[in-house]
Structures are given as structure tokens and as C-alpha cells.
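Q: I'd like to ask you about the structure that follows.
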Amino acid sequence: AALAPAFATPSLAALAPAFATPSSATPAFAAPRTTNPRAATNPRAATPPLNPAALQQAIAERPGEAAASAVAFVQSEGQTWRGASGDAQTGQPVSADAHFRVGSISKTFSAVVLLQLAAEHRVDLDQSVQHYLPGLLPAVTFQPITLRQLLNMTSGLPDGAGGPDPSVDQMIAERFEYQDFSQIIDSTLHPLGRPGPGPIFAPGTAQNYNSLNYLIIGLLIEHVTGHSFSDEVNARIVRPLHLTGTFVPQGAPRMPSPYMHGYLTTSQGTVTDVSAQGGNPSSMISTTGDLDRFIRALFQGRLLPSAQLAQMFTLPRDPQGDLLPYTGDTGNCQTGPQKGKACLGLGIGADTLPDGTVLWGKTGEDRGYFTAMFATRDLRHVGVVSTGVTDVAAEAGLENANRLAAAAFSS
């Protein structure tokens with residue numbers, strides 16, 4: 001339970017207000033009805049030059065916002081900007097190359113690894129979790145759930161054990177704890193002193209952002225390959241792409257230098273540095289430059305064959321071809337004329353700007369950090385921003401991402 005905030009991360013849908021309200025002709029998160037994601041091109045309207053002052057102002061600390069610092073990268077039509085804001089807690093400058101914790105952006109890495117295994121015919125995305133990991137999900141409680149349903153958040157699995165959320169003081173005190181996939185899954189499905197939670201809907205009938213899906217994916221990757229999640233991510237993504245600033249620390253708490261500090265504020269008002277923390281096997285550290293390189297390689301087809309890559313950009317639909325309903329929380333899929341409809345593909349989500357530009361990407365939240373990476377399918381526009389925050393809600397990080405996207409891509 002203490003790790004829940006690191007997983008409860010809004011998808012890119014949460015960025016919609018900053019991108020501007022979609023027009024009625026461009027439904028938010030409704031990918032064009034096409035089997036070819038490259039068909040989701042963007043109008044070749046004239047793009048104004050990047051405004052460095054506006055971009056720097058977008059990530060600057062503001063009175064009343066719980067932001068300590070930020071690092072950002074933007075590329076638009078061949079123009080590039082990198083920036084950072086100093087640490088408001090220490091008064092020290094922050095390097096634009098600073099490391100930070102990426103939170104649920106690790107889900108995109110997880111999805112890539114599982115899709116690679118599918119391309120290698122080592123797993124079948126339409127086969128059940130129960131087939132690959134027998135006994136993990138109680139048979140009397142859960143219907144068969146496919147790997148695809150884990151990937152696109154349509155499994156209906158519960159997200160937590162139903163207990164109270166940990167206090168911020170508890171989160172700070174327990175920040176060095178490390179649990180493997182099995183431990184977290186077991187504590188969710190078999191909580192001490194309470195009945196185990198059941199499904200929230202029948203598999204494949206709705207969509208709901210839920211990190212238990214990706215904890216099971218991490219365990220499955222380890223089961224199928226016989227290697228740790230860290231080893232697979234490093235061998236399949238980090239080393240081939242030369243992501244020299246990206247790490248899967250496996251519980252090692254220290255941050256590599258230089259790094260951006262993350263904070264939480266105690267119930268007594270004391271701001272505490274929580275940069276060093278334990279997490280779980282899929283916890284990751286990266287930089288804006290590495291996440292830019294990762295999303296470019298992914299969209300260019302350098303990590304996945306075309307068939308698997310196309311599936312990442314596919315939103316789940318019912319037998320009639322309509323987007324599945326989105327249910328559960330209010331942090332995802334709640335904007336635009338498609339409000340309440342599925343907005344997540346496999347490890348990424350999408351947003352449509354009023355001019356028809358489609359942005360795909362992922363957000364992530366760890367204790368003290370909020371990160372967002374997003375790009376157009378043709379990589380005409382790319383943005384990465386991470387904020388060191390001082391509040392568990394991490395709203396200041398979301399606002400920074402909102403402002404940066406608006407300053408970079410709004411015409």
C-alpha cells in the first residue's frame with residue numbers, strides 16, 4: 001500500500017486542458033479509424049519558431065505551486081530547446097542533463113519488451129495470464145484475462161487492496177522499502193485482515209488505468225525470459241539505444257549525478273528530500289535526452305516490427321467498433337467530446353489538439369517527481385519535461401507539462 005502513489009499516475013489524457021480544449025471535430029483521445037498509425041498525420045500548417053523565453057517561463061517556479069525545479073526538452077520542426085529551472089529549496093542550479101525518476105513511464109518500456117516477446121512468438125497477446133502464470137489470479141474470482149487486456153488497461157483488475165492510503169509521513173518513513181513484483185501483487189490480491197478484491201468489470205468491456213496490470217506484466221516478463229526485468233530492459237532497449245543516463249536500479253536508492261531533487265512535505269510542514277528511494281523492479285531513472293531518444297526510436301520502428309508497433313497506437317473498441325467506456329477514476333479520459341471513452345493504447349496514450357495534431361505519450365509519477373513525454377506520430381513535435389515537486393499530489397508537475405506543451409506546440 002505504501003507504494004501506491006508511485007503507480008497511481010495519470011495518463012497523457014490529464015494533459016488535455018493545457019493543450020487547449022479540443023474542437024467538436026477532433027475528439028480527444030479518439031485515434032483515427034485506421035489500422036495504420038502513420039495515417040494519423042498532422043496538418044502541415046506553418047509552425048512558429050520556438051520561443052526560448054516562453055519555454056523557460058513555462059517551467060519556472062510559481063508562487064503557490066509545489067514545484068522545486070524542472071528540466072525540459074522540446075523539438076519542433078527541427079528546432080531544439082533544452083532548459084532547466086533552479087532548485088527552489090536549495091537555491092542551487094539544476095543541470096539540463098539531470099537525472100530524475102520517471103514513475104509510470106516505465107510502463108512504456110514494459111510494453112515494448114512484452115511486444116518484442118510477442119514478435120518473437122514467445123508469448124501470445126491473446127492468450128490468458130492464467131495460462132502463463134497459473135495460480136496468480138484466484139480462479140473463483142477472476143475470469144481469463146489476456147495479455148493484451150493487461151497492456152491496454154481493459155482487464156478489470158482492481159488497483160489496490162481496498163485499505164486506506166498511506167499518509168505522507170508514512171510515505172516518507174517507508175521510502176527506502178523495496179518490494180518485488182510478486183510481493184506487491186500478493187499484497188494487493190491477498191491483503192492481510194481483509195477479503196481479497198474482485199474485478200471491477202468483466203475483461204474487455206471497459207478501460208481503467210490500473211498499475212496492477214503492469215506489475216503482472218513485469219512478473220510475466222521475468223517468468224518467460226528467466227531474467228530480471230532490469231536485465232531485459234537493459235538488453236533490449238537501454239544498451240541498443242545507448243541510453244547512458246537511464247537505469248533500472250532494482251532497489252538501489254541513490255541517484256546518479258547530476259540529479260534533480262524530489263521532495264515531500266511532512267504533516268508538520270517540513271520539506272524532506274526523497275530523491276533516494278526503493279520502489280519496485282520496474283522503477284526507473286532517466287534524463288530528458290534519453291527519453292527523447294527512446295520515444296524517437298520507438299516511433300521510428302527501431303524497437304518493434306511494424307505489426308507490433310501499430311498495436312501500440314490502437315485504442316480498444318467494442319464489437320461494433322466504438323471506443324470502450326473509460327471508468328473508475330477522474331484523472332484520465334475525461335476531456336473533449338469523447339469524454340468517458342478509452343484513451344489508452346498499449347503503454348501509451350493520445351491527445352488530439354484543436355488543429356488535428358495528435359500527440360502520443362505517457363506521464364509518470366514517483367515520490368517527489370512528475371514526468372511527461374509526448375510526441376506526434378511523425379515526430380514532428382517532441383516534448384519531455386520532469387518536475388521535482390514538494391507535494392504528493394504532484395499537480396505542479398502536471399501544470400509544468402501543460403504549460404510547456406502549450407508554449408511549444410500551440411500555433
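Simple scheme: letters A, B, ... for chains in C-alpha cells order, numbers from 1 for residues in each chain, numbers from 1 for ligands in the order shown.
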Determine, counting only C-alpha atoms, which protein, DNA and RNA residues have an atom within 10 Å of an atom of stretch 234-242 of chain A; residues of the same chain fewer than 6 positions away are not included. Present the result as number ranges by chain.
A: A: 109, 112-113, 116, 228, 248, 290, 293-294, 297-298, 302-303
Q: Check the DSSP output for the backbone and give back, as a ChimeraX atom specification, the residues of stretch 136-339 of chain A in alpha helix (DSSP H).
A: /A:147-151,168-173,181-189,212-225,229-233,288-299,306-312
Q: Show which residues sit within 8 Å of stretch 46-57 of chain A, as a compact mmCIF listing (two decimals) with N, CA and C atoms, in the first residue's frame. Count only C-alpha atoms, and ignore same-chain residues fewer than 2 positions away.
A:
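File out_9.txt, as written:
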# COMPACT_ATOMS: atom_id res chain seq x y z
N ARG A 44 0.10 20.15 -42.10
CA ARG A 44 1.39 20.80 -42.28
C ARG A 44 1.23 22.31 -42.25
N ILE A 59 8.33 26.48 -17.40
CA ILE A 59 8.80 25.57 -16.36
C ILE A 59 9.33 26.30 -15.13
N ALA A 60 9.17 27.62 -15.10
CA ALA A 60 9.65 28.40 -13.95
C ALA A 60 8.76 28.14 -12.74
N SER A 76 10.75 20.86 -32.26
CA SER A 76 9.62 21.16 -33.12
C SER A 76 10.12 21.58 -34.49
N GLU A 77 9.77 20.80 -35.50
CA GLU A 77 10.14 21.12 -36.87
C GLU A 77 11.64 21.38 -37.01
N GLN A 79 13.69 22.41 -34.79
CA GLN A 79 14.20 23.33 -33.78
C GLN A 79 14.28 22.61 -32.44
N THR A 80 15.30 22.89 -31.66
CA THR A 80 15.50 22.21 -30.39
C THR A 80 15.73 23.21 -29.27
N TRP A 81 15.13 22.94 -28.12
CA TRP A 81 15.34 23.75 -26.93
C TRP A 81 15.47 22.84 -25.72
N GLY A 83 16.08 23.19 -21.38
CA GLY A 83 16.12 24.16 -20.29
C GLY A 83 15.98 23.51 -18.93
N ALA A 84 16.22 24.29 -17.90
CA ALA A 84 16.08 23.83 -16.52
C ALA A 84 15.78 25.03 -15.64
N SER A 85 15.08 24.78 -14.55
CA SER A 85 14.87 25.82 -13.54
C SER A 85 15.61 25.40 -12.28
N LEU A 404 4.32 23.75 -20.86
CA LEU A 404 5.37 23.52 -21.84
C LEU A 404 4.77 23.12 -23.18
N ALA A 407 3.20 26.14 -24.82
CA ALA A 407 4.18 27.10 -25.31
C ALA A 407 4.94 26.56 -26.52
N ALA A 408 5.12 25.25 -26.58
CA ALA A 408 5.92 24.67 -27.65
C ALA A 408 5.14 24.42 -28.93
N PHE A 409 3.87 23.97 -28.80
CA PHE A 409 3.16 23.44 -29.97
C PHE A 409 1.92 24.21 -30.37
N SER A 411 -0.25 26.87 -32.05
CA SER A 411 0.01 27.80 -33.15
C SER A 411 -0.74 29.11 -32.94
Q: Residues of stretch 75-162 of chain A that have any atom at most 12 Å from an atom of stretch 198-203 of chain A: could you tabulate them with the shortest-distance atom pair and the distance in Å to one decimal, using only C-alpha atoms, ordered by chain and increasing number, as CSV?
A:
residue,atom,partner,partner_atom,distance
A:Ser128,CA,A:Pro203,CA,10.9
A:Val129,CA,A:Pro203,CA,11.8
A:Leu137,CA,A:Gly198,CA,10.0
A:Pro138,CA,A:Gly198,CA,9.4
A:Ala139,CA,A:Gly198,CA,10.9
A:Val140,CA,A:Gly198,CA,9.8
A:Thr141,CA,A:Gly198,CA,6.1
A:Phe142,CA,A:Pro199,CA,6.6
A:Gln143,CA,A:Pro203,CA,7.3
A:Pro144,CA,A:Pro203,CA,7.7
A:Ile145,CA,A:Pro203,CA,6.1
A:Thr146,CA,A:Pro203,CA,8.3
A:Leu147,CA,A:Pro203,CA,10.9
A:Arg148,CA,A:Pro203,CA,10.5
A:Gln149,CA,A:Pro203,CA,7.1
A:Leu150,CA,A:Pro203,CA,9.4
A:Asn152,CA,A:Pro203,CA,11.0
A:Met153,CA,A:Pro203,CA,9.4
A:Thr154,CA,A:Pro203,CA,6.0
A:Ser155,CA,A:Pro203,CA,4.5
A:Gly156,CA,A:Phe201,CA,4.8
A:Leu157,CA,A:Pro199,CA,4.9
A:Pro158,CA,A:Pro199,CA,5.7
A:Asp159,CA,A:Ile200,CA,9.2
A:Gly160,CA,A:Gly198,CA,10.2
A:Ala161,CA,A:Gly198,CA,9.5
A:Gly162,CA,A:Gly198,CA,10.4
Q: Return the single residue from A:Met255, A:Ala406, A:Ala342, A:Ile216 that is closest to A:Asp322, with distances computed using only C-alpha atoms.
A: A:Ala342
Q: Pick out the residues sitting within 10 Å of A:Tyr263, and hand them over as a tab-separated table (two decimals) with all heavy atoms, in the first residue's frame; count only C-alpha atoms, and ignore anything fewer than 2 positions along from it in its own chain.
A:
chain	number	residue	atom	x	y	z
A	66	ALA	N	3.63	23.70	-5.82
A	66	ALA	CA	4.56	22.86	-5.09
A	66	ALA	C	5.62	22.27	-6.01
A	66	ALA	O	5.82	21.07	-6.09
A	66	ALA	CB	3.81	21.74	-4.37
A	67	ALA	N	6.32	23.14	-6.74
A	67	ALA	CA	7.40	22.72	-7.63
A	67	ALA	C	8.72	23.21	-7.07
A	67	ALA	O	8.83	24.35	-6.61
A	67	ALA	CB	7.18	23.27	-9.03
A	68	ALA	N	9.73	22.35	-7.10
A	68	ALA	CA	11.06	22.74	-6.63
A	68	ALA	C	11.97	23.09	-7.79
A	68	ALA	O	12.75	24.04	-7.72
A	68	ALA	CB	11.67	21.61	-5.80
A	89	GLN	N	14.34	24.90	-3.33
A	89	GLN	CA	14.61	24.52	-1.94
A	89	GLN	C	16.05	24.79	-1.55
A	89	GLN	O	16.32	25.23	-0.43
A	89	GLN	CB	14.28	23.04	-1.74
A	89	GLN	CG	12.81	22.71	-1.85
A	89	GLN	CD	11.97	23.41	-0.80
A	89	GLN	OE1	12.31	23.40	0.38
A	89	GLN	NE2	10.87	24.01	-1.22
A	172	ILE	N	7.09	9.00	3.52
A	172	ILE	CA	8.47	9.46	3.73
A	172	ILE	C	9.25	8.44	4.54
A	172	ILE	O	10.39	8.08	4.20
A	172	ILE	CB	8.47	10.84	4.42
A	172	ILE	CG1	7.90	11.90	3.48
A	172	ILE	CG2	9.88	11.22	4.87
A	172	ILE	CD1	7.65	13.25	4.13
A	261	HIS	N	16.46	16.97	-7.53
A	261	HIS	CA	15.92	16.51	-6.25
A	261	HIS	C	14.40	16.48	-6.28
A	261	HIS	O	13.74	17.33	-6.89
A	261	HIS	CB	16.38	17.42	-5.11
A	261	HIS	CG	17.85	17.33	-4.84
A	261	HIS	ND1	18.38	16.59	-3.81
A	261	HIS	CD2	18.91	17.89	-5.49
A	261	HIS	CE1	19.70	16.69	-3.83
A	261	HIS	NE2	20.04	17.47	-4.84
A	265	THR	N	6.45	16.97	1.61
A	265	THR	CA	6.30	17.84	2.77
A	265	THR	C	5.55	17.10	3.87
A	265	THR	O	4.44	16.59	3.63
A	265	THR	CB	5.54	19.12	2.39
A	265	THR	OG1	6.22	19.77	1.32
A	265	THR	CG2	5.46	20.07	3.58
A	266	THR	N	6.13	17.00	5.05
A	266	THR	CA	5.52	16.27	6.16
A	266	THR	C	4.25	16.97	6.64
A	266	THR	O	3.97	18.13	6.28
A	266	THR	CB	6.48	16.14	7.35
A	266	THR	OG1	6.63	17.45	7.95
A	266	THR	CG2	7.83	15.63	6.91
A	270	THR	N	7.48	20.25	7.14
A	270	THR	CA	8.90	20.13	6.84
A	270	THR	C	9.09	19.50	5.46
A	270	THR	O	8.57	18.42	5.19
A	270	THR	CB	9.60	19.26	7.89
A	270	THR	OG1	9.40	19.84	9.18
A	270	THR	CG2	11.10	19.15	7.59
A	271	VAL	N	9.84	20.19	4.60
A	271	VAL	CA	10.12	19.66	3.27
A	271	VAL	C	11.28	18.68	3.37
A	271	VAL	O	12.37	19.02	3.85
A	271	VAL	CB	10.46	20.80	2.29
A	271	VAL	CG1	10.81	20.24	0.92
A	271	VAL	CG2	9.29	21.77	2.18
A	272	THR	N	11.05	17.43	2.92
A	272	THR	CA	12.03	16.36	3.06
A	272	THR	C	12.48	15.87	1.69
A	272	THR	O	11.65	15.59	0.82
A	272	THR	CB	11.42	15.18	3.85
A	272	THR	OG1	10.98	15.64	5.12
A	272	THR	CG2	12.45	14.07	4.03
A	273	ASP	N	13.78	15.75	1.50
A	273	ASP	CA	14.33	15.23	0.24
A	273	ASP	C	14.07	13.72	0.16
A	273	ASP	O	14.51	12.97	1.03
A	273	ASP	CB	15.83	15.51	0.18
A	273	ASP	CG	16.43	15.24	-1.19
A	273	ASP	OD1	15.97	14.31	-1.88
A	273	ASP	OD2	17.38	15.96	-1.57
A	274	VAL	N	13.34	13.29	-0.86
A	274	VAL	CA	13.04	11.86	-1.04
A	274	VAL	C	13.61	11.34	-2.35
A	274	VAL	O	13.14	10.35	-2.90
A	274	VAL	CB	11.51	11.61	-0.98
A	274	VAL	CG1	10.97	11.92	0.40
A	274	VAL	CG2	10.77	12.41	-2.05
A	275	SER	N	14.66	12.00	-2.84
A	275	SER	CA	15.27	11.58	-4.10
A	275	SER	C	15.74	10.13	-4.04
A	275	SER	O	15.57	9.36	-5.00
A	275	SER	CB	16.46	12.48	-4.45
A	275	SER	OG	16.10	13.84	-4.39
A	367	ARG	N	7.50	9.33	-5.95
A	367	ARG	CA	7.59	10.24	-4.81
A	367	ARG	C	8.55	11.38	-5.16
A	367	ARG	O	9.73	11.17	-5.39
A	367	ARG	CB	8.10	9.51	-3.58
A	367	ARG	CG	7.16	8.46	-3.01
A	367	ARG	CD	7.81	7.82	-1.79
A	367	ARG	NE	6.96	6.81	-1.17
A	367	ARG	CZ	7.00	5.52	-1.46
A	367	ARG	NH1	7.85	5.08	-2.38
A	367	ARG	NH2	6.21	4.66	-0.84
A	368	GLY	N	8.01	12.61	-5.19
A	368	GLY	CA	8.86	13.77	-5.43
A	368	GLY	C	9.06	14.14	-6.89
A	368	GLY	O	9.74	15.14	-7.17
A	369	TYR	N	8.46	13.39	-7.83
A	369	TYR	CA	8.72	13.64	-9.25
A	369	TYR	C	7.44	13.48	-10.09
A	369	TYR	O	6.60	12.61	-9.80
A	369	TYR	CB	9.75	12.65	-9.80
A	369	TYR	CG	11.11	12.76	-9.17
A	369	TYR	CD1	11.44	12.00	-8.04
A	369	TYR	CD2	12.08	13.61	-9.69
A	369	TYR	CE1	12.68	12.10	-7.45
A	369	TYR	CE2	13.33	13.71	-9.11
A	369	TYR	CZ	13.63	12.95	-7.99
A	369	TYR	OH	14.87	13.05	-7.41
A	388	GLY	N	10.64	18.31	-10.24
A	388	GLY	CA	10.82	17.92	-8.85
A	388	GLY	C	9.80	18.65	-8.02
A	388	GLY	O	9.75	19.89	-8.02
A	389	VAL	N	8.92	17.92	-7.35
A	389	VAL	CA	7.80	18.54	-6.63
A	389	VAL	C	8.00	18.40	-5.13
A	389	VAL	O	8.88	17.68	-4.65
A	389	VAL	CB	6.46	17.90	-7.07
A	389	VAL	CG1	6.22	18.15	-8.55
A	389	VAL	CG2	6.43	16.41	-6.77
A	390	THR	N	7.15	19.09	-4.38
A	390	THR	CA	7.22	19.02	-2.91
A	390	THR	C	5.92	18.53	-2.31
A	390	THR	O	5.75	18.52	-1.10
A	390	THR	CB	7.54	20.41	-2.32
A	390	THR	OG1	6.50	21.34	-2.69
A	390	THR	CG2	8.87	20.93	-2.83
A	391	ASP	N	4.99	18.08	-3.15
A	391	ASP	CA	3.67	17.66	-2.70
A	391	ASP	C	3.33	16.31	-3.30
A	391	ASP	O	3.63	16.05	-4.47
A	391	ASP	CB	2.62	18.71	-3.11
A	391	ASP	CG	1.26	18.41	-2.53
A	391	ASP	OD1	0.55	17.58	-3.12
A	391	ASP	OD2	0.90	19.01	-1.51
A	392	VAL	N	2.69	15.46	-2.54
A	392	VAL	CA	2.38	14.12	-3.01
A	392	VAL	C	1.44	14.13	-4.22
A	392	VAL	O	1.48	13.22	-5.05
A	392	VAL	CB	1.78	13.28	-1.86
A	392	VAL	CG1	0.41	13.80	-1.45
A	392	VAL	CG2	1.69	11.81	-2.26
Q: Find the distance between atom CA of A:Thr363 and atom CA of A:His99 and write it in Å to one decimal.
A: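 Separating atom CA of A:Thr363 from atom CA of A:His99 is a distance of 16.0 Å.
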